[in-house]
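Q: One file: input14.csv (CSV, C-alpha atoms and all ligand atoms).
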chain,number,residue,atom,x,y,z
A,1,MET,CA,113.2,-43.0,-125.1
A,2,SER,CA,115.8,-41.2,-127.3
A,3,LYS,CA,112.8,-39.9,-129.4
A,4,ILE,CA,111.4,-38.3,-126.2
A,5,LYS,CA,114.8,-36.8,-125.4
A,6,SER,CA,115.1,-35.3,-128.8
A,7,ILE,CA,111.5,-33.9,-128.6
A,8,LEU,CA,112.2,-32.5,-125.1
A,9,SER,CA,115.3,-30.6,-126.3
A,10,GLN,CA,113.6,-29.3,-129.5
A,11,VAL,CA,110.6,-28.0,-127.4
A,12,THR,CA,113.0,-26.5,-124.8
A,13,GLU,CA,115.0,-24.7,-127.5
A,14,SER,CA,111.8,-23.3,-129.3
A,15,GLN,CA,109.8,-20.3,-128.2
A,16,ASN,CA,106.9,-20.1,-130.8
A,17,ILE,CA,105.2,-23.5,-131.0
A,18,LEU,CA,102.2,-24.4,-133.2
A,19,ILE,CA,100.3,-27.5,-132.2
A,20,LEU,CA,98.1,-29.1,-134.8
A,21,GLY,CA,95.4,-31.7,-134.7
A,22,HIS,CA,93.4,-33.5,-137.4
A,23,VAL,CA,90.3,-32.6,-139.5
A,24,MET,CA,87.1,-34.0,-138.1
A,25,PRO,CA,88.7,-34.1,-134.6
A,26,ASP,CA,87.8,-36.8,-132.1
A,27,GLY,CA,88.1,-36.8,-128.3
A,28,ASP,CA,91.7,-38.0,-128.4
A,29,ASP,CA,92.8,-35.4,-130.8
A,30,ILE,CA,91.1,-32.5,-129.0
A,31,SER,CA,92.4,-33.7,-125.7
A,32,SER,CA,96.0,-34.1,-127.0
A,33,VAL,CA,96.1,-30.6,-128.6
A,34,ALA,CA,94.5,-28.9,-125.6
A,35,SER,CA,96.7,-30.7,-123.1
A,36,LEU,CA,100.0,-30.0,-124.8
A,37,THR,CA,99.0,-26.4,-125.5
A,38,LEU,CA,98.1,-25.9,-121.8
A,39,GLY,CA,101.3,-27.7,-120.7
A,40,LEU,CA,103.7,-25.6,-122.9
A,41,LYS,CA,101.9,-22.3,-122.0
A,42,GLN,CA,102.6,-23.2,-118.4
A,43,LEU,CA,106.3,-23.3,-119.4
A,44,ASP,CA,106.0,-19.8,-120.8
A,45,LYS,CA,106.1,-20.9,-124.4
A,46,ASN,CA,104.3,-18.8,-126.9
A,47,CYS,CA,102.1,-21.6,-128.0
A,48,LEU,CA,99.0,-21.9,-130.2
A,49,GLY,CA,96.8,-25.0,-130.7
A,50,ALA,CA,94.9,-25.2,-134.0
A,51,ILE,CA,92.5,-27.6,-135.8
A,52,ASP,CA,91.2,-27.1,-139.3
A,53,SER,CA,87.6,-28.3,-138.6
A,54,PRO,CA,84.8,-27.1,-136.3
A,55,ILE,CA,85.2,-28.6,-132.8
A,56,PRO,CA,81.8,-30.1,-131.7
A,57,GLU,CA,80.2,-27.8,-129.1
A,58,TYR,CA,80.1,-30.4,-126.3
A,59,TYR,CA,83.9,-30.6,-126.1
A,60,LYS,CA,84.1,-26.9,-125.3
A,61,VAL,CA,83.4,-27.4,-121.6
A,62,PHE,CA,86.8,-28.9,-121.3
A,63,HIS,CA,89.7,-26.7,-120.2
A,64,GLY,CA,91.7,-25.2,-123.0
A,65,VAL,CA,89.4,-26.4,-125.8
A,66,ASP,CA,87.7,-23.0,-126.4
A,67,GLN,CA,91.1,-21.5,-126.9
A,68,LEU,CA,92.0,-23.7,-129.9
A,69,ILE,CA,91.8,-21.8,-133.1
A,70,SER,CA,90.5,-22.6,-136.6
A,71,TYR,CA,92.3,-22.1,-139.9
A,72,GLU,CA,90.3,-18.9,-140.5
A,73,GLU,CA,91.4,-17.5,-137.2
A,74,TYR,CA,95.1,-18.3,-137.8
A,75,SER,CA,97.3,-15.3,-138.8
A,76,ASP,CA,100.5,-13.6,-137.9
A,77,PHE,CA,102.1,-16.5,-136.0
A,78,SER,CA,105.6,-17.5,-137.2
A,79,PRO,CA,106.3,-20.8,-135.4
A,80,ASP,CA,109.8,-22.1,-135.0
A,81,LEU,CA,108.4,-25.5,-134.2
A,82,VAL,CA,105.2,-27.4,-135.3
A,83,VAL,CA,104.0,-30.4,-133.3
A,84,VAL,CA,101.4,-32.6,-135.1
A,85,LEU,CA,99.3,-34.8,-132.9
A,86,ASP,CA,97.2,-37.9,-133.6
A,87,CYS,CA,97.7,-37.6,-137.4
A,88,SER,CA,98.8,-40.5,-139.6
A,89,SER,CA,99.6,-38.5,-142.7
A,90,PRO,CA,100.2,-34.8,-143.5
A,91,ASP,CA,96.8,-34.3,-145.2
A,92,ARG,CA,95.1,-34.9,-141.9
A,93,VAL,CA,96.0,-31.4,-140.7
A,94,GLY,CA,93.8,-30.0,-143.5
A,95,ARG,CA,94.8,-26.6,-144.8
A,96,PHE,CA,97.7,-26.3,-142.4
A,97,GLU,CA,99.5,-28.9,-144.5
A,98,SER,CA,101.7,-26.2,-146.2
A,99,MET,CA,103.1,-25.2,-142.8
A,100,LEU,CA,104.7,-28.6,-142.4
A,101,SER,CA,107.3,-28.0,-145.2
A,102,GLN,CA,108.1,-24.5,-143.9
A,103,CYS,CA,109.0,-25.5,-140.3
A,104,LYS,CA,110.7,-28.0,-138.1
A,105,THR,CA,108.0,-30.6,-137.5
A,106,ILE,CA,107.5,-33.2,-134.7
A,107,VAL,CA,104.9,-35.9,-135.2
A,108,ILE,CA,103.5,-37.6,-132.1
A,109,ASP,CA,101.0,-40.4,-133.0
A,110,HIS,CA,99.7,-43.9,-132.3
A,111,HIS,CA,98.4,-45.0,-135.7
A,112,ALA,CA,100.0,-48.0,-137.2
A,113,THR,CA,99.4,-46.5,-140.6
A,114,ASN,CA,101.5,-43.4,-139.9
A,115,THR,CA,103.7,-42.3,-142.8
A,116,PHE,CA,106.5,-40.7,-140.7
A,117,PHE,CA,106.1,-37.3,-142.4
A,118,GLY,CA,107.8,-35.2,-139.7
A,119,GLY,CA,111.5,-34.3,-139.1
A,120,THR,CA,111.1,-36.2,-135.8
A,121,ASN,CA,108.5,-38.9,-135.5
A,122,TRP,CA,107.5,-40.4,-132.2
A,123,VAL,CA,105.1,-43.0,-133.5
A,124,ASP,CA,104.1,-45.9,-131.3
A,125,SER,CA,101.0,-47.9,-132.0
A,126,SER,CA,101.2,-49.7,-128.7
A,127,TYR,CA,99.7,-46.6,-127.0
A,128,ALA,CA,95.9,-46.7,-126.8
A,129,ALA,CA,95.7,-42.9,-127.2
A,130,THR,CA,97.9,-40.0,-128.3
A,131,ALA,CA,96.8,-38.3,-125.1
A,132,GLN,CA,99.0,-40.8,-123.2
A,133,MET,CA,102.0,-39.7,-125.2
A,134,VAL,CA,101.2,-36.1,-124.5
A,135,TYR,CA,100.8,-36.9,-120.8
A,136,THR,CA,104.2,-38.6,-120.8
A,137,LEU,CA,105.8,-35.6,-122.6
A,138,ASN,CA,104.1,-33.1,-120.2
A,139,LYS,CA,105.4,-35.1,-117.2
A,140,ALA,CA,108.9,-35.1,-118.6
A,141,LEU,CA,108.7,-31.3,-119.1
A,142,GLY,CA,107.7,-30.8,-115.5
A,143,VAL,CA,104.2,-29.6,-116.3
A,144,VAL,CA,102.1,-29.3,-113.1
A,145,TYR,CA,98.6,-30.9,-113.4
A,146,ASP,CA,95.5,-29.4,-111.7
A,147,SER,CA,92.1,-30.9,-111.9
A,148,ARG,CA,91.1,-29.2,-115.1
A,149,LEU,CA,94.3,-30.2,-117.0
A,150,ALA,CA,94.0,-33.7,-115.7
A,151,THR,CA,90.4,-33.9,-116.9
A,152,VAL,CA,91.0,-32.7,-120.4
A,153,ASN,CA,94.1,-35.0,-120.7
A,154,TYR,CA,92.0,-38.0,-119.4
A,155,LEU,CA,89.4,-37.3,-122.0
A,156,GLY,CA,91.5,-38.7,-124.9
A,157,MET,CA,92.3,-41.9,-123.0
A,158,ALA,CA,88.6,-42.5,-122.3
A,159,THR,CA,87.3,-41.8,-125.8
A,160,ASP,CA,90.0,-43.7,-127.8
A,161,THR,CA,89.5,-46.8,-125.7
A,162,GLY,CA,85.6,-46.5,-125.9
A,163,PHE,CA,85.7,-45.8,-122.2
A,164,PHE,CA,88.1,-48.7,-121.5
A,165,ARG,CA,86.2,-51.3,-123.5
A,166,PHE,CA,88.1,-51.6,-126.8
A,167,SER,CA,90.8,-54.1,-127.6
A,168,ASN,CA,93.5,-51.4,-127.1
A,169,THR,CA,92.6,-51.1,-123.4
A,170,ASP,CA,95.6,-52.3,-121.5
A,171,GLU,CA,97.4,-51.9,-118.2
A,172,ARG,CA,99.3,-48.8,-119.2
A,173,VAL,CA,96.2,-46.8,-120.2
A,174,PHE,CA,94.5,-47.8,-116.9
A,175,LYS,CA,97.7,-46.7,-115.1
A,176,ASP,CA,97.9,-43.3,-116.9
A,177,ALA,CA,94.2,-42.7,-116.5
A,178,ALA,CA,94.4,-43.6,-112.8
A,179,GLU,CA,97.3,-41.2,-112.3
A,180,LEU,CA,95.2,-38.4,-113.8
A,181,VAL,CA,92.2,-39.3,-111.6
A,182,LYS,CA,94.6,-39.0,-108.6
A,183,LEU,CA,95.5,-35.5,-109.9
A,184,GLY,CA,91.8,-34.6,-110.0
A,185,ALA,CA,90.5,-35.8,-113.4
A,186,LYS,CA,86.7,-36.4,-113.3
A,187,PRO,CA,85.7,-39.7,-115.1
A,188,HIS,CA,82.0,-39.3,-114.4
A,189,PHE,CA,82.0,-35.7,-115.9
A,190,VAL,CA,83.9,-36.9,-119.0
A,191,ALA,CA,81.5,-39.9,-119.4
A,192,THR,CA,78.3,-38.0,-119.1
A,193,THR,CA,79.5,-35.1,-121.3
A,194,ILE,CA,80.5,-37.4,-124.1
A,195,LEU,CA,78.0,-40.3,-123.8
A,196,GLU,CA,74.9,-38.9,-122.1
A,197,ASN,CA,74.5,-35.6,-123.8
A,198,LYS,CA,72.6,-36.5,-127.0
A,199,ARG,CA,70.0,-34.4,-128.7
A,200,ILE,CA,66.7,-36.1,-129.8
A,201,GLU,CA,67.6,-35.3,-133.4
A,202,GLN,CA,70.6,-37.6,-133.1
A,203,LEU,CA,68.4,-40.5,-132.1
A,204,LYS,CA,66.1,-39.8,-135.0
A,205,LEU,CA,69.1,-39.9,-137.4
A,206,PHE,CA,70.2,-43.1,-135.7
A,207,CYS,CA,66.8,-44.6,-136.6
A,208,VAL,CA,67.4,-43.7,-140.3
A,209,MET,CA,70.8,-45.5,-140.1
A,210,VAL,CA,69.1,-48.6,-138.7
A,211,ASP,CA,66.4,-48.4,-141.4
A,212,HIS,CA,69.1,-48.4,-144.1
A,213,MET,CA,71.2,-51.2,-142.5
A,214,ILE,CA,71.9,-54.4,-144.3
A,215,VAL,CA,73.3,-57.4,-142.5
A,216,GLU,CA,75.1,-60.1,-144.5
A,217,ASP,CA,76.7,-62.9,-142.5
A,218,SER,CA,79.3,-61.2,-140.2
A,219,LEU,CA,79.1,-57.8,-142.0
A,220,ALA,CA,76.7,-54.9,-141.2
A,221,TYR,CA,76.6,-51.8,-143.3
A,222,SER,CA,74.6,-48.7,-143.7
A,223,TRP,CA,74.6,-45.1,-145.0
A,224,LEU,CA,73.4,-41.6,-144.3
A,225,SER,CA,73.0,-39.1,-147.1
A,226,TYR,CA,73.4,-35.3,-146.8
A,227,GLU,CA,69.6,-35.0,-147.0
A,228,ASN,CA,69.2,-37.4,-144.1
A,229,TYR,CA,71.4,-35.1,-141.9
A,230,VAL,CA,69.5,-31.9,-143.0
A,231,GLU,CA,66.0,-33.4,-142.7
A,232,ASN,CA,66.8,-34.4,-139.1
A,233,GLY,CA,68.5,-31.2,-138.1
A,234,CYS,CA,71.9,-32.9,-137.8
A,235,ALA,CA,75.5,-32.3,-138.9
A,236,ASP,CA,78.3,-34.7,-139.5
A,237,ASP,CA,79.5,-35.0,-135.8
A,238,ASP,CA,75.9,-36.0,-134.8
A,239,SER,CA,76.5,-39.5,-136.1
A,240,THR,CA,79.6,-40.1,-133.9
A,241,GLY,CA,79.4,-43.6,-132.4
A,242,PHE,CA,76.7,-44.9,-134.8
A,243,VAL,CA,79.1,-47.3,-136.5
A,244,GLY,CA,80.0,-48.8,-133.1
A,245,GLU,CA,76.3,-49.6,-132.5
A,246,MET,CA,76.3,-51.7,-135.7
A,247,ARG,CA,79.4,-53.5,-134.6
A,248,SER,CA,77.7,-54.2,-131.2
A,249,LEU,CA,75.3,-56.7,-133.0
A,250,ARG,CA,75.8,-60.3,-132.1
A,251,ASN,CA,78.1,-62.2,-134.6
A,252,ILE,CA,79.1,-59.1,-136.5
A,253,GLU,CA,82.8,-58.8,-137.2
A,254,VAL,CA,82.8,-55.7,-139.4
A,255,ALA,CA,80.6,-52.6,-139.5
A,256,ILE,CA,80.7,-50.0,-142.2
A,257,LEU,CA,79.0,-46.6,-142.2
A,258,VAL,CA,79.2,-44.4,-145.2
A,259,THR,CA,78.1,-40.8,-144.7
A,260,GLU,CA,77.8,-37.7,-146.9
A,261,TYR,CA,78.3,-34.4,-145.2
A,262,PRO,CA,78.6,-31.8,-146.7
A,263,LYS,CA,77.2,-32.5,-150.1
A,264,GLY,CA,79.7,-34.3,-152.3
A,265,GLU,CA,82.0,-35.2,-149.4
A,266,VAL,CA,81.8,-38.8,-148.4
A,267,HIS,CA,83.3,-40.4,-145.3
A,268,VAL,CA,83.7,-44.1,-144.6
A,269,SER,CA,83.9,-45.3,-141.0
A,270,LEU,CA,85.1,-48.9,-140.5
A,271,ARG,CA,85.0,-51.0,-137.3
A,272,SER,CA,85.9,-54.6,-136.5
A,273,LYS,CA,85.3,-56.7,-133.4
A,274,ASN,CA,87.9,-59.4,-133.0
A,275,TRP,CA,90.3,-60.2,-135.8
A,276,PHE,CA,89.7,-58.3,-139.1
A,277,ASP,CA,92.2,-55.5,-139.8
A,278,VAL,CA,90.1,-52.6,-141.1
A,279,SER,CA,93.1,-50.2,-141.3
A,280,LYS,CA,94.5,-52.2,-144.2
A,281,VAL,CA,91.3,-51.7,-146.2
A,282,ALA,CA,91.2,-47.9,-145.3
A,283,ALA,CA,94.9,-47.5,-146.2
A,284,VAL,CA,94.3,-49.0,-149.7
A,285,LEU,CA,91.6,-46.4,-150.2
A,286,GLY,CA,93.8,-43.5,-149.1
A,287,GLY,CA,92.7,-43.4,-145.5
A,288,GLY,CA,94.1,-44.8,-142.3
A,289,GLY,CA,93.5,-45.7,-138.7
A,290,HIS,CA,93.8,-48.7,-136.4
A,291,ALA,CA,93.1,-52.4,-136.7
A,292,ARG,CA,89.7,-52.1,-135.1
A,293,ALA,CA,88.7,-48.6,-136.2
A,294,ALA,CA,89.7,-46.9,-139.4
A,295,GLY,CA,88.3,-44.5,-142.0
A,296,CYS,CA,88.8,-42.8,-145.4
A,297,SER,CA,87.3,-39.8,-147.1
A,298,PHE,CA,86.5,-38.8,-150.6
A,299,LYS,CA,85.6,-35.5,-152.3
A,300,ASN,CA,83.4,-34.8,-155.3
A,301,THR,CA,81.9,-38.2,-155.4
A,302,ARG,CA,78.5,-40.0,-154.9
A,303,LEU,CA,77.7,-41.8,-151.8
A,304,GLU,CA,76.3,-44.8,-153.6
A,305,LYS,CA,79.5,-45.3,-155.6
A,306,VAL,CA,81.6,-45.2,-152.5
A,307,LEU,CA,79.3,-47.5,-150.6
A,308,ASN,CA,79.4,-50.1,-153.4
A,309,GLU,CA,83.2,-49.9,-153.6
A,310,ILE,CA,83.8,-50.2,-149.9
A,311,VAL,CA,81.3,-53.0,-149.3
A,312,SER,CA,82.7,-55.1,-152.1
A,313,THR,CA,86.3,-54.5,-151.0
A,314,VAL,CA,85.5,-55.4,-147.4
A,315,LYS,CA,83.6,-58.6,-148.6
A,316,ASP,CA,86.6,-59.7,-150.7
A,317,HIS,CA,89.0,-59.3,-147.7
A,318,LEU,CA,86.7,-60.4,-145.0
A,319,TRP,CA,85.4,-63.6,-146.5
A,320,GLY,CA,88.7,-64.3,-148.4
A,321,GLU,CA,90.8,-63.9,-145.2
A,322,ARG,CA,88.4,-65.8,-143.0
A,323,SER,CA,88.7,-68.9,-145.2
A,324,GLU,CA,92.5,-68.5,-145.3
A,325,THR,CA,92.8,-68.3,-141.5
A,326,GLY,CA,90.2,-71.0,-140.9
A,327,GLU,CA,87.9,-68.7,-138.8
A,328,VAL,CA,84.3,-69.8,-138.6
A,329,SER,CA,81.4,-67.6,-137.7
B,401,LIG,P1,86.2,-42.6,-137.7
B,401,LIG,O1,85.5,-43.8,-138.3
B,401,LIG,O2,86.0,-41.3,-138.6
B,401,LIG,O3,85.8,-42.4,-136.3
B,401,LIG,O4,87.7,-42.9,-137.7
B,401,LIG,C1,88.3,-44.0,-137.1
B,401,LIG,C2,89.8,-44.0,-137.2
B,401,LIG,O5,90.3,-43.9,-138.5
B,401,LIG,C3,90.4,-42.8,-136.4
B,401,LIG,O6,91.6,-43.3,-135.8
B,401,LIG,C4,90.8,-41.8,-137.5
B,401,LIG,O7,92.0,-41.1,-137.1
B,401,LIG,C5,91.1,-42.7,-138.7
B,401,LIG,N1,90.6,-42.0,-139.9
B,401,LIG,C6,89.3,-41.7,-140.2
B,401,LIG,N2,89.3,-41.0,-141.4
B,401,LIG,C7,90.5,-41.0,-141.9
B,401,LIG,C8,91.1,-40.5,-143.1
B,401,LIG,N3,90.4,-39.9,-144.1
B,401,LIG,N4,92.4,-40.7,-143.3
B,401,LIG,C9,93.2,-41.3,-142.3
B,401,LIG,N5,92.7,-41.8,-141.2
B,401,LIG,C10,91.4,-41.7,-140.9
B,402,MN,MN,92.0,-39.1,-133.7
B,403,MN,MN,93.9,-41.3,-131.4
Show the structure stored in the file as structure tokens.
A:
Amino acid sequence: MSKIKSILSQVTESQNILILGHVMPDGDDISSVASLTLGLKQLDKNCLGAIDSPIPEYYKVFHGVDQLISYEEYSDFSPDLVVVLDCSSPDRVGRFESMLSQCKTIVIDHHATNTFFGGTNWVDSSYAATAQMVYTLNKALGVVYDSRLATVNYLGMATDTGFFRFSNTDERVFKDAAELVKLGAKPHFVATTILENKRIEQLKLFCVMVDHMIVEDSLAYSWLSYENYVENGCADDDSTGFVGEMRSLRNIEVAILVTEYPKGEVHVSLRSKNWFDVSKVAAVLGGGGHARAAGCSFKNTRLEKVLNEIVSTVKDHLWGERSETGEVS
């Protein structure tokens, strides 16, 4: 609670506030940056929300999202406070990283792999979503919620819990989400916008991933090359959720999807179902995340090389650890 008090007083004392999210933003990140930016603007702060990656088009129907700016659009803003949301390490803000050493920085995050890189760090992995921490902060600041703000703040709670299915789904996230629904959040609108808004090209790309998939015991893995994306008229955010479909297979504990987009940039998405901690594997490879969902990224490399490395690292940990803990499949 003293962390929140310190954040409240720093926000109150500051006038020009920059709010940053992470590269390749997900629903929780976009929701958190938009909701805090809207909240602080309501309190007459000169406030700017920024993310150094394109924001997928379908998020732009949510209030405040089309006002978030890119790195290219950023100029002539001298913040006296920077708030970093949903980022486990400073590199996650992309090219905004140099801002962090120039300004007073507050980090608000729920990743267990957080490196505490801010001046003030409110890091609590017991929250299912950073959007809940933003909601708590906005409430403490006296921000008034209308239906549009409630909906965009609800978005992060829904997406980071896999629409209230993942193992991080607990009483508190239901309670926070229910409060937002009472304030006018629209769960059906959020669900259809995120889950039932696919292009046919995405399903074709999904077929390629299934074609490439290998299942070995409790591990499922696959890959998508840059050429696979281009041939199917897709970009990197078109494969969002694919790795979760591999995890949904019966008896699969770990799913790995290795993707290349753009050429030479390789991203690894890791998911686990019941017990294996994928964040530890991701952290060893310079990435991060949560126990059941983690990732890492590489530049100037080949997909095949990364795939071989990650699969053999996961096998070592998965089958080594299972025999240690006595788990059986
Ligand atoms: P993804 O598989 O990209 O959906 O990411 C799953 C989780 O891992 C999210 O919580 C991300 O914030 C985290 N994550 C993904 N990529 C990275 C990375 N390169 N560095 C740190 N964390 C990451
Ligand atoms: Mn995120
Ligand atoms: Mn998150």
Q: Point out the residue among A:Phe206, A:Tyr135, A:Phe174, A:Trp122 with the least atom-to-atom distance to A:Asp28, counting all atoms listed in the file.
A: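 That would be A:Tyr135, the residue with the smallest distance to A:Asp28.
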Q: Could you check how far atom CA of A:Asn121 sits from atom O6 of ligand LIG 401 (chain B), in Å to one decimal?
A: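 The value is 17.5 Å.
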Q: In Å, how far is it from atom CA of A:Asp86 to atom CA of A:His110?
A: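 We find that atom CA of A:Asp86 and atom CA of A:His110 lie 6.6 Å from each other.
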Q: Identify the residues within 10 Å of coordinate (72.3, -34.3, -134.7) (same frame as the file), considering only C-alpha atoms, and give the answer as a count of residues only.
A: 20
Q: At a cut-off of 9 Å, using all atoms listed in the file, what residues contact A:Phe117? Leave out same-chain residues fewer than 6 positions from it and give the result as a ChimeraX atom specification.
A: /A:88-90,100,105-107
Q: Need the shell around stretch 243-250 of chain A: protein/DNA/RNA residues with any atom at most 9 Å away, counting only C-alpha atoms. Skip same-chain ones fewer than 3 positions apart. Format as a PyMOL selection string?
A: chain A and resi 210+213+218-222+239-240+253-257+269-273
Q: For a quick check of understanding, using all atoms listed in the file, which of A:Lys5, A:Lys305, A:His290, A:Arg165 has the smallest distance to ligand MN 403 (chain B)?
A: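 Going through A:Lys5, A:Lys305, A:His290, A:Arg165 one by one, the smallest distance to ligand MN 403 (chain B) is for A:His290.
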Q: How would you write, as JSON, numbers by chain, the set of residues no farther than 10 Å from ligand MN 403 (chain B) when counting only C-alpha atoms and all ligand atoms?
A: {"A": [22, 25, 26, 27, 28, 29, 30, 31, 32, 85, 86, 87, 88, 109, 110, 111, 125, 127, 128, 129, 130, 131, 132, 156, 157, 159, 160, 161, 289, 290]}
Q: Hey, can you spit out that residue selection with C-alpha atoms as a compact mmCIF listing (two decimals), in the coordinates of the input?
A:
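Contents of selection00.txt, freshly written:
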# COMPACT_ATOMS: atom_id res chain seq x y z
CA HIS A 22 93.40 -33.50 -137.40
CA PRO A 25 88.70 -34.10 -134.60
CA ASP A 26 87.80 -36.80 -132.10
CA GLY A 27 88.10 -36.80 -128.30
CA ASP A 28 91.70 -38.00 -128.40
CA ASP A 29 92.80 -35.40 -130.80
CA ILE A 30 91.10 -32.50 -129.00
CA SER A 31 92.40 -33.70 -125.70
CA SER A 32 96.00 -34.10 -127.00
CA LEU A 85 99.30 -34.80 -132.90
CA ASP A 86 97.20 -37.90 -133.60
CA CYS A 87 97.70 -37.60 -137.40
CA SER A 88 98.80 -40.50 -139.60
CA ASP A 109 101.00 -40.40 -133.00
CA HIS A 110 99.70 -43.90 -132.30
CA HIS A 111 98.40 -45.00 -135.70
CA SER A 125 101.00 -47.90 -132.00
CA TYR A 127 99.70 -46.60 -127.00
CA ALA A 128 95.90 -46.70 -126.80
CA ALA A 129 95.70 -42.90 -127.20
CA THR A 130 97.90 -40.00 -128.30
CA ALA A 131 96.80 -38.30 -125.10
CA GLN A 132 99.00 -40.80 -123.20
CA GLY A 156 91.50 -38.70 -124.90
CA MET A 157 92.30 -41.90 -123.00
CA THR A 159 87.30 -41.80 -125.80
CA ASP A 160 90.00 -43.70 -127.80
CA THR A 161 89.50 -46.80 -125.70
CA GLY A 289 93.50 -45.70 -138.70
CA HIS A 290 93.80 -48.70 -136.40
